[in-house]
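*Asks:* Below is a structure I'd like to ask you about.
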Amino acid sequence: MKDSKPQAARAPKGGLNTEIQARIGHQLRAMYDDVVRQGVPERFAELIRKLDAPGVQSGADGVAPAGDDMSANDKQGRD
Amino acid sequence: MPLTDSLRDDLLATVPSLRAFAISLSGNADRADDLVQETLLRALANIDSFQPGSNLPAWLFTILRNLFRSDYRKRRREVEDADGVYASTLKSQPAQNAHLEFEEFRAALDKLPQDQREALILVGASGFSYEDAAAICGCAVGTIKSRVNRARTKLSALLYVEGAGDFGPDDTVRAVIGSGKG
C-alpha cells in the first residue's frame, strides 16, 4: 500500500512539526508498550516469589525448594 | 523492612515497564532481561533502604539505569545486535510495512546519545514526570527537558528530514527507476 502523498515530505523549518512529533511519540510508545504487554515472564515472577520465602537468602541459583507449593499463597496481582 | 505482600505485588507490577525500559535502552532483549534480573536482585537485597510509600518504579528504574550505564561502559566495544535479537522476541510480529518502519525507528533511537535516549524514553514512553526523570538520571529538571527536546529534534531529523525517502519510493525502487531512465 504505497501512496506517496507529497504533503508529508515537507521538512520542518526551525521548529518541530507537530505532526512529526506526534508520530515519534506514537512510535516510541508502540515500541515500549509492545514489551509491557508481554507481562511478567515466569522467570521474574519466580525470582520474586523465591526471595520472598522466609529463610531464603538471595543466592544466584539452587535456592528453590522445587516444590509446587504455589497453590496456597500464590496471589496473582493481575487485574 | 521485610518484603511485604503489597511490596511484592508492586515489584511484580513494575516488571513489565522495567523490561520495556531495559529493552529500549539496550536494544537487546537478552541483555535487557539480565538487567532486569540484576535490578530485582539488587532491589531485594537493598529493600531496607526503600522508603515505604515513595515511588517504587522510580527507585527501580534508577537502579536499572545505573546498572545499564556501568554495564554499557564495559561492553561498548562488543558487537551490538540491536534489531535482530529484539525483533525476534516480539510476540506479535507487525505487518511488513509497519515492521520496516519499526526497524527504522529503533535504529534512529540507537543513534541518539545515551543521555538523550534515556530522557526521551522515561518521559515519552514510561510516563514519568520531568521531575521523576531528573531524579532517576541524577540531574536537573531543566537538563532533562533539554535532553528530551534534543532527542526529539534529532529523531525527527533522522527519520523525517534526512530520510525524505520515507514518503516516496525506497532506495531499491528508486535505483530501478533511475537505471531505467539512464
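Labels used: A, B, ... for chains in the order of the C-alpha cells, numbers from 1 for residues in each chain, and numbers from 1 for ligands as shown.
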Residues near Phe44 in chain A, anyone? I mean within 12 Å using only C-alpha atoms, not counting same-chain ones fewer than 5 positions away, as a list of chain:residue names.

*Replies:*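 Contacts, with the query itself left out: A:Gly39, A:Arg49, A:Lys50, A:Leu51, B:Arg8, B:Leu11, B:Leu12, B:Ala13, B:Thr14, B:Val15, B:Pro16, B:Leu18, B:Arg19, B:Asp33, B:Asp34, B:Leu35, B:Val36, B:Gln37, B:Glu38, B:Thr39, B:Leu40, B:Leu41.
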
*Asks:* Could you write out that same residue set with C-alpha atoms as a PDB file, in the first residue's frame?

*Replies:*
ATOM      1  CA  GLY A  39       3.557  -9.052  31.163  1.00  0.00           C
ATOM      2  CA  ARG A  49       8.429 -15.493  44.900  1.00  0.00           C
ATOM      3  CA  LYS A  50      11.566 -17.353  45.858  1.00  0.00           C
ATOM      4  CA  LEU A  51      13.206 -14.425  47.553  1.00  0.00           C
TER       5      LEU A  51
ATOM      6  CA  ARG B   8       5.986  -7.856  46.284  1.00  0.00           C
ATOM      7  CA  LEU B  11       7.532  -5.164  42.321  1.00  0.00           C
ATOM      8  CA  LEU B  12       5.771  -7.615  40.045  1.00  0.00           C
ATOM      9  CA  ALA B  13       3.607  -4.873  38.638  1.00  0.00           C
ATOM     10  CA  THR B  14       6.676  -2.832  37.722  1.00  0.00           C
ATOM     11  CA  VAL B  15       8.464  -5.648  35.914  1.00  0.00           C
ATOM     12  CA  PRO B  16       6.750  -5.145  32.537  1.00  0.00           C
ATOM     13  CA  LEU B  18      11.191  -2.204  33.683  1.00  0.00           C
ATOM     14  CA  ARG B  19      11.697  -4.674  30.849  1.00  0.00           C
ATOM     15  CA  ASP B  33      16.306  -9.370  30.862  1.00  0.00           C
ATOM     16  CA  ASP B  34      19.674  -9.818  32.525  1.00  0.00           C
ATOM     17  CA  LEU B  35      19.497  -6.180  33.533  1.00  0.00           C
ATOM     18  CA  VAL B  36      16.013  -6.627  34.941  1.00  0.00           C
ATOM     19  CA  GLN B  37      17.109  -9.691  36.871  1.00  0.00           C
ATOM     20  CA  GLU B  38      20.070  -7.893  38.365  1.00  0.00           C
ATOM     21  CA  THR B  39      17.900  -4.909  39.166  1.00  0.00           C
ATOM     22  CA  LEU B  40      15.421  -7.084  41.050  1.00  0.00           C
ATOM     23  CA  LEU B  41      18.172  -8.863  42.960  1.00  0.00           C
TER      24      LEU B  41
END

*Asks:* Between chain B and chain A, at 9 Å or less, what are the per-residue closest atom pairs and their distances in Å? Count only C-alpha atoms, order by chain and rising residue number, and return it as JSON lines.

*Replies:*
{"residue": "B:Pro2", "atom": "CA", "partner": "A:Asp52", "partner_atom": "CA", "distance": 8.8}
{"residue": "B:Leu3", "atom": "CA", "partner": "A:Asp52", "partner_atom": "CA", "distance": 6.4}
{"residue": "B:Thr4", "atom": "CA", "partner": "A:Asp52", "partner_atom": "CA", "distance": 8.2}
{"residue": "B:Asp5", "atom": "CA", "partner": "A:Asp52", "partner_atom": "CA", "distance": 8.7}
{"residue": "B:Arg8", "atom": "CA", "partner": "A:Ile48", "partner_atom": "CA", "distance": 7.0}
{"residue": "B:Asp9", "atom": "CA", "partner": "A:Gly77", "partner_atom": "CA", "distance": 5.9}
{"residue": "B:Asp10", "atom": "CA", "partner": "A:Gly77", "partner_atom": "CA", "distance": 8.5}
{"residue": "B:Leu11", "atom": "CA", "partner": "A:Ile48", "partner_atom": "CA", "distance": 8.0}
{"residue": "B:Leu12", "atom": "CA", "partner": "A:Ala45", "partner_atom": "CA", "distance": 6.7}
{"residue": "B:Ala13", "atom": "CA", "partner": "A:Gly77", "partner_atom": "CA", "distance": 7.3}
{"residue": "B:Thr14", "atom": "CA", "partner": "A:Val40", "partner_atom": "CA", "distance": 8.8}
{"residue": "B:Val15", "atom": "CA", "partner": "A:Val40", "partner_atom": "CA", "distance": 6.1}
{"residue": "B:Pro16", "atom": "CA", "partner": "A:Val36", "partner_atom": "CA", "distance": 4.6}
{"residue": "B:Ser17", "atom": "CA", "partner": "A:Val36", "partner_atom": "CA", "distance": 5.4}
{"residue": "B:Leu18", "atom": "CA", "partner": "A:Val36", "partner_atom": "CA", "distance": 8.4}
{"residue": "B:Arg19", "atom": "CA", "partner": "A:Val35", "partner_atom": "CA", "distance": 6.9}
{"residue": "B:Ala20", "atom": "CA", "partner": "A:Val35", "partner_atom": "CA", "distance": 5.2}
{"residue": "B:Phe21", "atom": "CA", "partner": "A:Tyr32", "partner_atom": "CA", "distance": 7.3}
{"residue": "B:Ile23", "atom": "CA", "partner": "A:Val35", "partner_atom": "CA", "distance": 8.1}
{"residue": "B:Ser24", "atom": "CA", "partner": "A:Tyr32", "partner_atom": "CA", "distance": 6.9}
{"residue": "B:Val36", "atom": "CA", "partner": "A:Phe44", "partner_atom": "CA", "distance": 8.4}
{"residue": "B:Gln37", "atom": "CA", "partner": "A:Phe44", "partner_atom": "CA", "distance": 7.0}
{"residue": "B:Leu40", "atom": "CA", "partner": "A:Ile48", "partner_atom": "CA", "distance": 7.8}
{"residue": "B:Leu41", "atom": "CA", "partner": "A:Ser58", "partner_atom": "CA", "distance": 7.3}
{"residue": "B:Leu44", "atom": "CA", "partner": "A:Leu51", "partner_atom": "CA", "distance": 7.7}
{"residue": "B:Ala45", "atom": "CA", "partner": "A:Ser58", "partner_atom": "CA", "distance": 7.2}
{"residue": "B:Leu90", "atom": "CA", "partner": "A:Asp34", "partner_atom": "CA", "distance": 7.4}
{"residue": "B:Lys91", "atom": "CA", "partner": "A:Gln38", "partner_atom": "CA", "distance": 7.6}
{"residue": "B:Ser92", "atom": "CA", "partner": "A:Asp34", "partner_atom": "CA", "distance": 8.5}
{"residue": "B:Asn97", "atom": "CA", "partner": "A:Met1", "partner_atom": "CA", "distance": 8.6}
{"residue": "B:Glu101", "atom": "CA", "partner": "A:Gln27", "partner_atom": "CA", "distance": 8.9}
{"residue": "B:Phe102", "atom": "CA", "partner": "A:Gln27", "partner_atom": "CA", "distance": 7.4}
{"residue": "B:Phe105", "atom": "CA", "partner": "A:Gln27", "partner_atom": "CA", "distance": 7.3}
{"residue": "B:Arg106", "atom": "CA", "partner": "A:Met31", "partner_atom": "CA", "distance": 8.3}
{"residue": "B:Leu109", "atom": "CA", "partner": "A:Leu28", "partner_atom": "CA", "distance": 8.9}
{"residue": "B:Leu120", "atom": "CA", "partner": "A:Leu28", "partner_atom": "CA", "distance": 8.9}
{"residue": "B:Ile121", "atom": "CA", "partner": "A:Leu28", "partner_atom": "CA", "distance": 7.5}
{"residue": "B:Gly124", "atom": "CA", "partner": "A:Gly25", "partner_atom": "CA", "distance": 6.5}
{"residue": "B:Ala125", "atom": "CA", "partner": "A:Arg29", "partner_atom": "CA", "distance": 5.0}
{"residue": "B:Ser126", "atom": "CA", "partner": "A:Tyr32", "partner_atom": "CA", "distance": 7.9}
{"residue": "B:Arg152", "atom": "CA", "partner": "A:Gln21", "partner_atom": "CA", "distance": 7.2}
{"residue": "B:Thr153", "atom": "CA", "partner": "A:Leu16", "partner_atom": "CA", "distance": 6.9}
{"residue": "B:Leu155", "atom": "CA", "partner": "A:Ile24", "partner_atom": "CA", "distance": 7.6}
{"residue": "B:Ser156", "atom": "CA", "partner": "A:Ile20", "partner_atom": "CA", "distance": 6.7}
{"residue": "B:Ala157", "atom": "CA", "partner": "A:Ala11", "partner_atom": "CA", "distance": 8.7}
{"residue": "B:Leu159", "atom": "CA", "partner": "A:Ile24", "partner_atom": "CA", "distance": 8.9}
{"residue": "B:Tyr160", "atom": "CA", "partner": "A:Ala11", "partner_atom": "CA", "distance": 7.1}
{"residue": "B:Val161", "atom": "CA", "partner": "A:Ala11", "partner_atom": "CA", "distance": 5.5}
{"residue": "B:Glu162", "atom": "CA", "partner": "A:Ala11", "partner_atom": "CA", "distance": 8.9}
{"residue": "B:Ala164", "atom": "CA", "partner": "A:Ala9", "partner_atom": "CA", "distance": 6.2}
{"residue": "B:Gly165", "atom": "CA", "partner": "A:Ala9", "partner_atom": "CA", "distance": 8.3}
{"residue": "B:Asp166", "atom": "CA", "partner": "A:Ala9", "partner_atom": "CA", "distance": 8.1}
{"residue": "B:Phe167", "atom": "CA", "partner": "A:Ser4", "partner_atom": "CA", "distance": 5.5}
{"residue": "B:Gly168", "atom": "CA", "partner": "A:Ser4", "partner_atom": "CA", "distance": 5.1}
{"residue": "B:Pro169", "atom": "CA", "partner": "A:Ser4", "partner_atom": "CA", "distance": 7.6}

*Asks:* I'd like to know which of B:Ser54, B:Gln116, B:Asn66, B:Asn149 is closest to Ile136 in chain B, using only C-alpha atoms.

*Replies:*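 Among the listed residues, B:Asn66 lies closest to Ile136 in chain B.
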
*Asks:* Can you tell me how far CA of Thr143 in chain B sits from CA of Gln114 in chain B, in Å to one decimal?

*Replies:*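 We find that CA of Thr143 in chain B and CA of Gln114 in chain B lie 13.6 Å from each other.
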